[in-house]
>>> print(open('structure26.txt').read())   # compact mmCIF, C-alpha atoms
# COMPACT_ATOMS: atom_id res chain seq x y z
CA MET A 210 80.61 -0.46 -24.82
CA SER A 211 82.91 0.55 -21.95
CA SER A 212 81.02 3.82 -21.49
CA VAL A 213 77.71 1.93 -21.30
CA TRP A 214 79.21 -0.44 -18.73
CA ARG A 215 80.48 2.48 -16.65
CA LYS A 216 77.01 4.03 -16.81
CA VAL A 217 75.42 0.80 -15.58
CA LEU A 218 77.91 0.51 -12.72
CA HIS A 219 77.21 4.12 -11.78
CA ASP A 220 73.46 3.44 -11.76
CA LEU A 221 73.92 0.39 -9.54
CA ARG A 222 75.40 2.60 -6.82
CA SER A 223 72.01 4.30 -6.49
CA PRO A 224 69.53 2.34 -4.31
CA LEU A 225 66.68 3.74 -6.44
CA LEU A 226 68.06 2.40 -9.71
CA ARG A 227 69.62 -0.75 -8.22
CA ASN A 228 66.31 -1.87 -6.72
CA GLY A 229 64.42 -0.76 -9.82
CA TYR A 230 66.75 -2.69 -12.12
CA ALA A 231 66.54 -5.75 -9.85
CA LEU A 232 62.74 -5.73 -10.02
CA MET A 233 62.83 -5.22 -13.78
CA ALA A 234 65.27 -8.12 -14.08
CA ASN A 235 62.88 -10.16 -11.96
CA THR A 236 60.05 -9.34 -14.36
CA GLY A 237 62.24 -10.36 -17.30
CA ILE A 238 63.16 -13.67 -15.66
CA THR A 239 59.53 -14.28 -14.74
CA ALA A 240 58.42 -13.54 -18.31
CA VAL A 241 60.99 -15.84 -19.93
CA LEU A 242 60.43 -18.71 -17.51
CA GLY A 243 56.69 -18.08 -17.62
CA MET A 244 56.69 -18.43 -21.40
CA GLY A 245 58.69 -21.64 -21.03
CA TYR A 246 56.25 -22.93 -18.43
CA TRP A 247 53.17 -22.25 -20.53
CA LEU A 248 54.88 -23.58 -23.66
CA LEU A 249 55.44 -26.88 -21.84
CA ALA A 250 51.87 -26.77 -20.55
CA ALA A 251 50.54 -26.31 -24.11
CA HIS A 252 52.64 -29.29 -25.24
CA TYR A 253 51.91 -31.74 -22.42
CA TYR A 254 48.29 -30.87 -21.59
CA THR A 255 45.08 -30.57 -23.60
CA PRO A 256 43.85 -27.13 -24.75
CA GLU A 257 40.94 -27.42 -22.31
CA GLU A 258 43.22 -28.23 -19.35
CA PHE A 259 45.57 -25.44 -20.45
CA GLY A 260 42.74 -22.91 -20.30
CA ARG A 261 41.35 -24.40 -17.10
CA GLY A 262 44.74 -24.17 -15.41
CA GLN A 263 45.10 -20.53 -16.45
CA ALA A 264 41.61 -19.74 -15.15
CA VAL A 265 42.10 -21.42 -11.75
CA ILE A 266 45.51 -19.77 -11.21
CA THR A 267 44.02 -16.38 -12.12
CA ALA A 268 41.15 -16.86 -9.64
CA MET A 269 43.60 -17.93 -6.93
CA ARG A 270 45.74 -14.84 -7.52
CA LEU A 271 42.65 -12.63 -7.45
CA PHE A 272 41.64 -13.73 -3.94
CA ALA A 273 45.21 -13.90 -2.63
CA SER A 274 45.78 -10.34 -3.79
CA LEU A 275 42.62 -8.81 -2.34
CA THR A 276 44.52 -7.49 0.67
CA ALA A 277 48.09 -8.44 -0.26
CA LEU A 278 48.13 -6.04 -3.19
CA GLY A 279 46.72 -3.36 -0.92
CA PHE A 280 49.74 -3.74 1.38
CA VAL A 281 52.27 -3.29 -1.44
CA GLY A 282 52.15 0.50 -1.31
CA ALA A 283 52.00 0.59 2.50
CA LEU A 284 54.99 -1.71 2.97
CA ALA A 285 57.03 0.18 0.38
CA ARG A 286 56.10 3.43 2.14
CA PHE A 287 56.59 2.46 5.81
CA LEU A 288 59.14 -0.39 5.97
CA PRO A 289 62.09 1.94 5.27
CA VAL A 290 61.21 3.94 8.40
CA ALA A 291 59.61 1.22 10.55
CA GLY A 292 62.70 0.63 12.72
CA ARG A 293 61.98 -1.67 15.66
CA ARG A 294 58.39 -2.17 14.47
CA THR A 295 59.49 -3.78 11.21
CA PRO A 296 58.81 -7.42 12.27
CA GLU A 297 55.38 -6.47 13.62
CA LEU A 298 54.47 -4.62 10.42
CA VAL A 299 55.50 -7.53 8.19
CA LEU A 300 53.72 -10.17 10.28
CA ARG A 301 50.52 -8.13 10.46
CA ALA A 302 50.58 -7.67 6.68
CA TYR A 303 51.11 -11.41 6.14
CA GLY A 304 48.34 -12.35 8.56
CA LEU A 305 45.72 -9.91 7.30
CA ALA A 306 46.45 -10.66 3.63
CA ALA A 307 46.22 -14.42 4.16
CA ALA A 308 43.09 -14.26 6.32
CA THR A 309 41.04 -11.99 4.06
CA GLY A 310 42.13 -13.91 0.97
CA VAL A 311 41.03 -17.24 2.43
CA VAL A 312 37.67 -15.84 3.58
CA ALA A 313 36.97 -14.37 0.12
CA ALA A 314 38.04 -17.61 -1.58
CA ALA A 315 35.72 -19.57 0.71
CA GLY A 316 32.84 -17.37 -0.45
CA PHE A 317 33.86 -18.08 -4.05
CA LEU A 318 33.81 -21.84 -3.44
CA LEU A 319 30.39 -21.67 -1.77
CA THR A 320 28.97 -19.93 -4.87
CA LEU A 321 30.91 -22.02 -7.39
CA PRO A 322 27.90 -22.86 -9.66
CA LEU A 323 27.53 -19.13 -10.41
CA TRP A 324 31.03 -18.94 -11.93
CA GLY A 325 30.50 -21.25 -14.89
CA LYS A 326 31.78 -24.60 -16.06
CA THR A 327 35.45 -23.64 -16.11
CA TYR A 328 35.65 -23.48 -12.30
CA SER A 329 33.65 -26.66 -11.63
CA VAL A 330 36.97 -28.49 -11.24
CA LEU A 331 37.24 -26.88 -7.77
CA GLY A 332 34.09 -28.62 -6.55
CA GLY A 333 34.54 -31.12 -3.71
CA PHE A 334 36.32 -31.00 -0.35
CA GLY A 335 39.82 -31.93 -1.55
CA PRO A 336 40.14 -29.50 -4.47
CA GLY A 337 38.46 -26.75 -2.45
CA LEU A 338 40.84 -27.19 0.51
CA PHE A 339 43.85 -27.14 -1.82
CA PHE A 340 42.55 -23.94 -3.42
CA LEU A 341 42.19 -22.25 0.00
CA ALA A 342 45.72 -23.30 0.97
CA ALA A 343 46.99 -21.96 -2.36
CA VAL A 344 45.37 -18.58 -1.70
CA LEU A 345 47.07 -18.38 1.72
CA VAL A 346 50.47 -19.33 0.28
CA TRP A 347 50.26 -16.90 -2.63
CA ALA A 348 49.26 -14.00 -0.38
CA VAL A 349 52.48 -14.38 1.61
CA PHE A 350 54.51 -15.09 -1.55
CA THR A 351 53.27 -11.81 -3.04
CA LEU A 352 54.30 -9.76 -0.03
CA GLN A 353 57.72 -11.29 0.63
CA ASP A 354 59.13 -9.69 -2.54
CA VAL A 355 57.73 -6.33 -1.44
CA VAL A 356 59.32 -6.76 1.99
CA LEU A 357 62.72 -7.39 0.39
CA THR A 358 62.25 -4.32 -1.81
CA GLY A 359 61.15 -2.12 1.08
CA LEU A 360 64.28 -3.13 2.99
CA ARG A 361 66.52 -2.40 -0.03
CA LYS A 362 67.20 -6.08 -0.74
CA ALA A 363 65.39 -6.34 -4.07
CA THR A 364 68.51 -7.85 -5.65
CA TRP A 365 67.50 -11.17 -4.03
CA VAL A 366 64.09 -11.20 -5.73
CA PRO A 367 65.32 -12.32 -9.21
CA LEU A 368 67.20 -15.27 -7.68
CA ASN A 369 64.04 -16.39 -5.92
CA SER A 370 62.07 -16.16 -9.17
CA LEU A 371 64.73 -18.06 -11.12
CA VAL A 372 64.79 -21.03 -8.74
CA PHE A 373 61.00 -20.97 -8.35
CA GLY A 374 60.44 -20.88 -12.12
CA LEU A 375 62.81 -23.76 -12.89
CA VAL A 376 61.36 -26.02 -10.18
CA LYS A 377 57.85 -25.19 -11.34
CA MET A 378 58.66 -26.18 -14.95
CA GLY A 379 60.21 -29.48 -13.87
CA LEU A 380 57.22 -30.40 -11.74
CA LEU A 381 54.82 -29.44 -14.55
CA VAL A 382 56.40 -32.02 -16.87
CA ALA A 383 56.64 -34.66 -14.12
CA LEU A 384 52.91 -34.37 -13.36
CA ALA A 385 51.74 -34.46 -17.01
CA GLY A 386 51.29 -38.23 -16.95
CA ALA A 387 50.42 -38.73 -13.29
CA LEU A 388 47.97 -35.81 -13.01
CA PRO A 389 46.69 -34.80 -16.47
CA GLU A 390 43.79 -32.90 -14.88
CA GLY A 391 44.95 -30.46 -12.24
CA GLY A 392 48.67 -30.94 -12.84
CA ILE A 393 49.11 -27.32 -13.96
CA PHE A 394 47.69 -25.85 -10.76
CA VAL A 395 49.53 -28.30 -8.50
CA SER A 396 52.87 -27.69 -10.24
CA TRP A 397 52.34 -23.93 -9.81
CA MET A 398 51.58 -24.04 -6.08
CA VAL A 399 53.87 -26.71 -4.59
CA PRO A 400 57.13 -24.85 -5.45
CA THR A 401 55.53 -21.63 -4.21
CA ALA A 402 54.84 -23.15 -0.79
CA ILE A 403 58.38 -24.56 -0.58
CA ALA A 404 59.90 -21.17 -1.52
CA LEU A 405 58.26 -19.47 1.48
CA ILE A 406 60.53 -21.27 3.97
CA PRO A 407 64.05 -20.14 2.94
CA ILE A 408 63.00 -16.65 1.83
CA ASN A 409 61.18 -15.81 5.05
CA TRP A 410 63.98 -17.30 7.15
CA PHE A 411 66.32 -14.92 5.32
CA ILE A 412 63.93 -11.98 5.89
CA PHE A 413 63.31 -12.52 9.60
CA ALA A 414 66.70 -13.95 10.63
CA ILE A 415 69.02 -11.67 8.65
CA VAL A 416 67.44 -8.76 6.76
CA ILE A 417 65.07 -7.40 9.40
CA PRO A 418 67.56 -7.58 12.33
CA ARG A 419 70.13 -5.67 10.25
CA HIS A 420 67.52 -3.11 9.24
CA VAL A 421 66.44 -2.58 12.85
CA LYS A 422 70.06 -2.28 13.99
CA SER A 423 70.88 0.29 11.31
CA ALA A 424 67.82 2.44 12.08
CA GLU A 425 68.67 5.78 13.59
CA ALA A 426 68.41 5.90 17.37
CA ASN A 427 66.14 8.96 17.20
CA ALA A 428 64.01 7.58 14.38
CA ARG A 429 60.28 7.60 15.04
CA PRO A 430 58.64 4.39 13.75
CA PRO A 431 55.20 4.83 12.21
CA ARG A 432 52.24 4.24 14.48
CA LEU A 433 49.61 1.70 13.47
CA ARG A 434 47.26 4.67 13.16
CA ASP A 435 49.55 6.19 10.53
CA VAL A 436 49.66 2.94 8.56
CA GLY A 437 45.90 2.52 8.90
CA ARG A 438 45.24 6.06 7.67
CA PHE A 439 47.47 5.44 4.67
CA LEU A 440 45.74 2.13 3.89
CA ALA A 441 42.32 3.77 4.17
CA GLY A 442 43.25 5.97 1.22
CA ASP A 443 45.49 3.59 -0.70
CA PHE A 444 43.53 0.34 -0.36
CA PRO A 445 40.33 1.33 -2.23
CA GLY A 446 42.43 2.52 -5.15
CA THR A 447 44.62 -0.58 -5.07
CA LEU A 448 41.50 -2.75 -4.98
CA SER A 449 40.37 -0.98 -8.14
CA ILE A 450 43.66 -1.76 -9.87
CA LEU A 451 43.27 -5.36 -8.72
CA ALA A 452 40.06 -5.47 -10.73
CA ILE A 453 42.00 -4.65 -13.89
CA VAL A 454 44.74 -7.23 -13.38
CA TYR A 455 42.83 -10.23 -12.01
CA LEU A 456 39.05 -9.67 -12.03
CA VAL A 457 38.88 -8.93 -15.76
CA PRO A 458 40.38 -12.33 -16.74
CA VAL A 459 38.08 -14.13 -14.29
CA ILE A 460 35.07 -12.43 -15.87
CA ILE A 461 36.34 -13.28 -19.37
CA ALA A 462 36.67 -16.92 -18.25
CA THR A 463 32.94 -16.98 -17.46
CA GLN A 464 32.08 -15.65 -20.94
CA VAL A 465 34.20 -17.84 -23.24
CA GLY A 466 35.19 -21.50 -23.50
CA GLU A 467 38.22 -22.98 -21.78
CA ALA A 468 40.35 -23.28 -24.95
CA THR A 469 39.52 -19.71 -26.01
CA PHE A 470 40.32 -18.41 -22.56
CA GLY A 471 43.68 -20.16 -22.66
CA ARG A 472 44.61 -18.29 -25.84
CA PHE A 473 43.31 -14.98 -24.46
CA SER A 474 45.11 -15.49 -21.16
CA MET A 475 48.48 -16.08 -22.80
CA ALA A 476 48.38 -12.72 -24.60
CA HIS A 477 46.99 -11.02 -21.50
CA THR A 478 49.71 -12.49 -19.27
CA LEU A 479 52.49 -11.31 -21.59
CA GLY A 480 50.92 -7.84 -21.74
CA CYS A 481 50.76 -7.67 -17.94
CA MET A 482 54.42 -8.66 -17.74
CA ILE A 483 55.38 -5.59 -19.79
CA GLU A 484 53.15 -3.45 -17.59
CA LEU A 485 54.97 -4.78 -14.52
CA LEU A 486 58.17 -3.17 -15.80
CA ALA A 487 56.56 0.23 -15.29
CA MET A 488 55.37 -0.73 -11.80
CA ASN A 489 58.79 -2.09 -10.75
CA MET A 490 60.64 1.20 -11.03
CA ALA A 491 57.68 2.92 -9.38
CA VAL A 492 57.84 0.66 -6.30
CA SER A 493 61.54 1.43 -5.94
CA LEU A 494 60.67 5.13 -6.23
CA THR A 495 58.22 4.86 -3.31
CA VAL A 496 60.87 3.18 -1.14
CA GLU A 497 63.52 5.80 -1.88
CA GLY A 498 60.98 8.61 -1.47
CA SER A 499 60.34 7.31 2.04
CA PHE A 500 64.06 7.10 2.87
CA ASN A 501 64.79 10.59 1.50
CA ARG A 502 61.75 12.72 0.66
CA ALA A 503 63.86 15.76 -0.17
CA GLN A 504 65.16 13.94 -3.29
CA LEU A 505 61.71 12.92 -4.53
CA ALA A 506 61.62 15.21 -7.58
CA ASP A 507 65.10 14.18 -8.70
CA ASN A 508 64.30 10.50 -8.15
CA CYS A 509 61.08 10.87 -10.17
CA ARG A 510 62.98 12.31 -13.10
CA ARG A 511 65.60 9.56 -12.95
CA ALA A 512 62.95 6.84 -12.66
CA LEU A 513 61.06 8.20 -15.67
CA ARG A 514 64.18 8.42 -17.83
CA ARG A 515 65.35 4.90 -17.00
CA ALA A 516 61.88 3.38 -17.27
CA PHE A 517 61.28 4.82 -20.73
CA LEU A 518 64.80 3.89 -21.81
CA ILE A 519 64.19 0.24 -20.95
CA ILE A 520 60.48 -0.12 -21.67
CA THR A 521 60.23 1.65 -25.04
CA PRO A 522 62.39 -0.89 -26.93
CA VAL A 523 60.51 -3.75 -25.25
CA ILE A 524 57.20 -2.29 -26.41
CA GLY A 525 58.54 -1.77 -29.95
CA VAL A 526 59.77 -5.36 -30.22
CA THR A 527 56.50 -6.70 -28.79
CA ILE A 528 54.37 -4.76 -31.26
CA LEU A 529 56.45 -5.89 -34.23
CA ALA A 530 56.98 -9.49 -33.13
CA ALA A 531 53.66 -10.22 -31.39
CA PRO A 532 52.53 -12.82 -33.99
CA LEU A 533 55.90 -14.60 -33.84
CA ILE A 534 55.93 -14.61 -30.03
CA LEU A 535 52.45 -16.09 -29.79
CA THR A 536 52.99 -18.58 -32.63
CA ILE A 537 55.43 -20.36 -30.31
CA PHE A 538 52.37 -21.62 -28.44
CA GLY A 539 50.43 -22.42 -31.61
CA SER A 540 48.93 -20.67 -34.64
CA GLU A 541 45.59 -20.21 -32.85
CA PHE A 542 47.31 -18.18 -30.12
CA ALA A 543 48.70 -15.78 -32.75
CA THR A 544 45.39 -15.51 -34.60
CA GLU A 545 43.36 -14.67 -31.50
CA GLY A 546 45.92 -12.86 -29.34
CA THR A 547 48.08 -10.64 -31.56
CA THR A 548 45.85 -7.56 -31.47
CA LEU A 549 45.32 -7.85 -27.72
CA LEU A 550 49.05 -8.17 -26.99
CA ARG A 551 49.89 -5.18 -29.20
CA LEU A 552 47.25 -2.98 -27.57
CA MET A 553 48.34 -3.92 -24.05
CA ALA A 554 52.00 -3.28 -24.90
CA LEU A 555 51.18 0.15 -26.32
CA ALA A 556 49.15 1.01 -23.20
CA VAL A 557 52.29 0.64 -21.07
CA LEU A 558 53.72 3.93 -22.37
CA PRO A 559 51.12 6.13 -20.61
CA ARG A 560 51.16 3.67 -17.69
CA VAL A 561 54.78 4.65 -16.92
CA LEU A 562 53.65 8.23 -16.27
CA ILE A 563 50.74 7.07 -14.14
CA GLU A 564 52.85 4.71 -12.01
CA VAL A 565 55.57 7.29 -11.32
CA TYR A 566 52.88 9.79 -10.31
CA LEU A 567 51.20 7.25 -8.01
CA SER A 568 54.51 6.39 -6.36
CA ALA A 569 55.24 10.06 -5.76
CA LEU A 570 51.83 10.39 -4.10
CA ARG A 571 52.57 7.36 -1.88
CA ALA A 572 55.93 8.78 -0.84
CA GLN A 573 54.10 12.02 0.12
CA SER A 574 51.27 10.05 1.84
CA GLN A 575 48.74 11.79 -0.44
CA ALA A 576 46.25 8.96 0.09
CA ARG A 577 43.11 10.76 -1.08
CA THR A 578 44.52 11.79 -4.44
CA LEU A 579 46.04 8.32 -4.78
CA ALA A 580 42.63 6.70 -4.35
CA ILE A 581 40.92 9.08 -6.78
CA VAL A 582 43.43 8.38 -9.56
CA GLN A 583 43.40 4.61 -9.10
CA ILE A 584 39.63 4.31 -8.79
CA GLY A 585 39.18 6.57 -11.81
CA LEU A 586 41.55 4.47 -13.90
CA ALA A 587 39.96 1.16 -12.91
CA SER A 588 36.41 2.44 -13.45
CA THR A 589 37.28 3.74 -16.89
CA VAL A 590 38.94 0.45 -17.86
CA LEU A 591 36.04 -1.70 -16.66
CA VAL A 592 33.36 0.46 -18.29
CA SER A 593 35.30 0.57 -21.56
CA ILE A 594 35.67 -3.23 -21.63
CA VAL A 595 31.97 -3.80 -20.90
CA VAL A 596 30.94 -1.38 -23.64
CA LEU A 597 33.38 -2.74 -26.24
CA PHE A 598 33.13 -6.49 -25.51
CA PRO A 599 30.03 -7.13 -27.68
CA PHE A 600 31.84 -5.56 -30.66
CA ALA A 601 35.51 -6.47 -30.13
CA GLY A 602 35.36 -9.68 -28.08
CA VAL A 603 38.44 -10.31 -25.94
CA ASN A 604 40.29 -7.49 -27.75
CA ALA A 605 38.01 -5.13 -25.81
CA VAL A 606 40.40 -5.63 -22.89
CA GLY A 607 43.26 -4.13 -24.92
CA TYR A 608 41.23 -1.27 -26.36
CA GLY A 609 39.79 -0.45 -22.93
CA MET A 610 43.21 -0.37 -21.28
CA LEU A 611 44.82 1.77 -23.99
CA PHE A 612 42.01 4.33 -24.03
CA SER A 613 41.77 4.53 -20.23
CA GLU A 614 45.49 4.84 -19.55
CA LEU A 615 45.93 7.50 -22.23
CA LEU A 616 43.04 9.47 -20.72
CA VAL A 617 44.31 9.23 -17.12
CA ALA A 618 47.90 10.04 -18.16
CA PHE A 619 46.61 13.17 -19.89
CA LEU A 620 44.62 14.22 -16.81
CA ILE A 621 47.48 13.73 -14.30
CA PHE A 622 50.26 15.09 -16.52
CA GLY A 623 50.02 18.65 -15.19
CA ASN A 624 50.42 17.58 -11.55
CA LEU A 625 53.21 15.16 -12.43
CA ARG A 626 55.03 17.95 -14.24
CA LYS A 627 54.84 20.11 -11.10
CA ILE A 628 56.40 17.32 -9.02
CA LEU A 629 59.19 16.88 -11.57
CA LYS A 630 59.96 20.61 -11.73
CA PHE A 631 59.93 21.46 -8.01
CA GLY A 632 63.39 20.00 -7.47
CA GLU A 633 64.74 22.19 -10.27
CA ILE A 634 63.48 25.46 -8.80
CA GLY A 635 64.46 24.72 -5.23
CA GLN A 636 61.10 24.22 -3.50
CA PRO A 637 61.52 21.03 -1.50
CA SER A 638 58.35 21.71 0.48
CA VAL A 639 56.32 19.72 -2.01
CA ALA A 640 58.58 16.72 -1.58
CA GLN A 641 57.86 16.97 2.12
CA GLY A 642 54.14 16.54 1.65
CA SER A 643 53.08 20.13 2.31
CA PRO A 644 49.50 21.26 1.79
CA GLY A 645 50.50 22.78 -1.50
CA ALA A 646 51.57 19.44 -2.90
CA PRO A 647 49.47 18.24 -5.80
>>> encode(input="structure26.txt", output="structure tokens")
Amino acid sequence: MSSVWRKVLHDLRSPLLRNGYALMANTGITAVLGMGYWLLAAHYYTPEEFGRGQAVITAMRLFASLTALGFVGALARFLPVAGRRTPELVLRAYGLAAATGVVAAAGFLLTLPLWGKTYSVLGGFGPGLFFLAAVLVWAVFTLQDVVLTGLRKATWVPLNSLVFGLVKMGLLVALAGALPEGGIFVSWMVPTAIALIPINWFIFAIVIPRHVKSAEANARPPRLRDVGRFLAGDFPGTLSILAIVYLVPVIIATQVGEATFGRFSMAHTLGCMIELLAMNMAVSLTVEGSFNRAQLADNCRRALRRAFLIITPVIGVTILAAPLILTIFGSEFATEGTTLLRLMALAVLPRVLIEVYLSALRAQSQARTLAIVQIGLASTVLVSIVVLFPFAGVNAVGYGMLFSELLVAFLIFGNLRKILKFGEIGQPSVAQGSPGAP
């Protein structure tokens, strides 16, 4: 036990692993509190309201993430070297993400009859205005964690999630009697809005000034043109990944009833939580690759080893215990969601390889290859789901993800192997983004 503890302490001295572990811990906290939240929701609200709440939150996150998710890679890539331009970069990301999200959500509300009965609850001025405000809040909420990570302060992210999750659960129960219809969505968003105030005060009053002060005097902050060129390559691919995470559930919500969607969404949410573990270490890898590109190959190897070490047991437990996990919410959840959860958990294994490769590409600013891989993955997932849905129902989501991620992992494995091996044979030029980089 003492040797394991010494190993952990040694890992925590590395910014790569410390930030990666912090983000993984955040995912774990979010998963546990999220299960508690939805367990309370299943107990205090009707099955129809449970499914409706899941559907509305998913739609809100879809529009809030349209641009916010696109900035994740750019902030992780450029914040470490932004120097005096750090406040400007963060504020521009916040503003653009919020503005585009609200505009897209307004278009959604104007075409609400086309999206089925589940979303009719958003009809009317009051609910629509609250939905738009929620999109704005969630866009900033999404990016503030990335800002902390990009500035090597990811250890604060789990604390934020812990407080946010507990307050959210308390409000959910408090609103069950006073607001039986809409209480789930309100309890999700009010704590989110409140959390923006202290976290962003901490970012702009403490973290950013220290980061700017510590920047090297001869450092050259990225120009807006550099950031824009990176986004031009990264954003289309990120938008494609967004389709997998948020658009797929919204489409499923238009095809099935509210109660069925609630049971599908619970398994899908848990599967996405496991997938986030792979993404967490990858985001940390992008940050450290930007701070020190010469160590990219070594950092990739370390990130892969630690990610598989942590994720593989989680996947094994999930596959074995999926029925028991879902039975907590009710026997119907286990009956309809076990296969989906198992397939999504298994798909995370090839996803680890894909995410590490994508992060290496971001650190090298290989935007074109980044877009090709992401768009290819998303296209394959969406086509697979459409083809399989008439035969497999909601399980088509799991089959489509497993097939697509195995295929893409196989196709990128050769290039990933080259990145991993360059550090061993003493050719740092690849880590520096040379033309010969894959």
>>> closest_residue(input="structure26.txt", among="A:Leu284, A:Leu549, A:Leu620, A:Leu242", to="Leu300 in chain A", atoms="only C-alpha atoms")
A:Leu284
>>> residues_around(input="structure26.txt", residues="Gly602 in chain A", least_positions_apart="2", cutoff="12 Å", atoms="only C-alpha atoms", output="list in words")
Ile461, Gln464, Val465, Thr469, Phe470, Phe473, Glu545, Gly546, Thr548, Leu549, Ile594, Val595, Val596, Leu597, Phe598, Pro599, Phe600, Asn604, Ala605, Val606, Gly607, Tyr608 and Gly609 of chain A
>>> residues_around(input="structure26.txt", residues="Gly332 in chain A", least_positions_apart="5", cutoff="8 Å", atoms="all atoms listed in the file", output="PyMOL selection string")
chain A and resi 318+321+337
>>> residues_around(input="structure26.txt", residues="range 346-351 of chain A", least_positions_apart="6", cutoff="12 Å", atoms="all atoms listed in the file", output="ChimeraX atom specification")
/A:266-281,284,299-311,314,339-340,357-358,366,369-370,373,397-409
>>> write_last_selection(input="structure26.txt", atoms="C-alpha atoms", output="compact mmCIF listing (two decimals), in the frame of the given file")
# COMPACT_ATOMS: atom_id res chain seq x y z
CA ILE A 266 45.51 -19.77 -11.21
CA THR A 267 44.02 -16.38 -12.12
CA ALA A 268 41.15 -16.86 -9.64
CA MET A 269 43.60 -17.93 -6.93
CA ARG A 270 45.74 -14.84 -7.52
CA LEU A 271 42.65 -12.63 -7.45
CA PHE A 272 41.64 -13.73 -3.94
CA ALA A 273 45.21 -13.90 -2.63
CA SER A 274 45.78 -10.34 -3.79
CA LEU A 275 42.62 -8.81 -2.34
CA THR A 276 44.52 -7.49 0.67
CA ALA A 277 48.09 -8.44 -0.26
CA LEU A 278 48.13 -6.04 -3.19
CA GLY A 279 46.72 -3.36 -0.92
CA PHE A 280 49.74 -3.74 1.38
CA VAL A 281 52.27 -3.29 -1.44
CA LEU A 284 54.99 -1.71 2.97
CA VAL A 299 55.50 -7.53 8.19
CA LEU A 300 53.72 -10.17 10.28
CA ARG A 301 50.52 -8.13 10.46
CA ALA A 302 50.58 -7.67 6.68
CA TYR A 303 51.11 -11.41 6.14
CA GLY A 304 48.34 -12.35 8.56
CA LEU A 305 45.72 -9.91 7.30
CA ALA A 306 46.45 -10.66 3.63
CA ALA A 307 46.22 -14.42 4.16
CA ALA A 308 43.09 -14.26 6.32
CA THR A 309 41.04 -11.99 4.06
CA GLY A 310 42.13 -13.91 0.97
CA VAL A 311 41.03 -17.24 2.43
CA ALA A 314 38.04 -17.61 -1.58
CA PHE A 339 43.85 -27.14 -1.82
CA PHE A 340 42.55 -23.94 -3.42
CA LEU A 357 62.72 -7.39 0.39
CA THR A 358 62.25 -4.32 -1.81
CA VAL A 366 64.09 -11.20 -5.73
CA ASN A 369 64.04 -16.39 -5.92
CA SER A 370 62.07 -16.16 -9.17
CA PHE A 373 61.00 -20.97 -8.35
CA TRP A 397 52.34 -23.93 -9.81
CA MET A 398 51.58 -24.04 -6.08
CA VAL A 399 53.87 -26.71 -4.59
CA PRO A 400 57.13 -24.85 -5.45
CA THR A 401 55.53 -21.63 -4.21
CA ALA A 402 54.84 -23.15 -0.79
CA ILE A 403 58.38 -24.56 -0.58
CA ALA A 404 59.90 -21.17 -1.52
CA LEU A 405 58.26 -19.47 1.48
CA ILE A 406 60.53 -21.27 3.97
CA PRO A 407 64.05 -20.14 2.94
CA ILE A 408 63.00 -16.65 1.83
CA ASN A 409 61.18 -15.81 5.05
>>> atom_distance(input="structure26.txt", atom1="CA of Val421 in chain A", atom2="CA of Leu579 in chain A")
29.1 Å
>>> closest_residue(input="structure26.txt", among="A:Leu288, A:Leu338, A:Ala251, A:Ala576", to="Gly539 in chain A", atoms="all atoms listed in the file")
A:Ala251
>>> closest_residue(input="structure26.txt", among="A:Leu629, A:Val312, A:Leu535, A:Val592", to="Ala452 in chain A", atoms="all atoms listed in the file")
A:Val592
>>> atom_distance(input="structure26.txt", atom1="CA of Leu388 in chain A", atom2="CA of Met482 in chain A")
28.3 Å
>>> atom_distance(input="structure26.txt", atom1="CA of Leu341 in chain A", atom2="CA of Ala315 in chain A")
7.0 Å
>>> residues_around(input="structure26.txt", residues="range 554-560 of chain A", least_positions_apart="6", cutoff="10 Å", atoms="all atoms listed in the file", output="JSON, numbers by chain")
{"A": [477, 479, 480, 481, 482, 483, 484, 485, 486, 487, 488, 516, 517, 520, 521, 523, 524, 525, 526, 527, 528, 531, 548, 566, 607, 608, 609, 610, 611, 612, 613, 614, 615, 616, 617, 618, 619, 622]}
>>> closest_residue(input="structure26.txt", among="A:Pro532, A:Pro522, A:Pro458, A:Gly292", to="Val603 in chain A", atoms="all atoms listed in the file")
A:Pro458
>>> closest_residue(input="structure26.txt", among="A:Arg551, A:Lys627, A:Arg261, A:Arg510", to="Thr327 in chain A", atoms="only C-alpha atoms")
A:Arg261
>>> closest_residue(input="structure26.txt", among="A:Asp354, A:Thr463, A:Phe334, A:Ala530", to="Leu368 in chain A", atoms="all atoms listed in the file")
A:Asp354
>>> axis_aligned_box(input="structure26.txt", around="range 548-558 of chain A", padding_each_side="4 Å", output="lines of an AutoDock Vina configuration file")
center_x = 49.5
center_y = -2.1
center_z = -26.3
size_x = 16.4
size_y = 20.1
size_z = 18.4
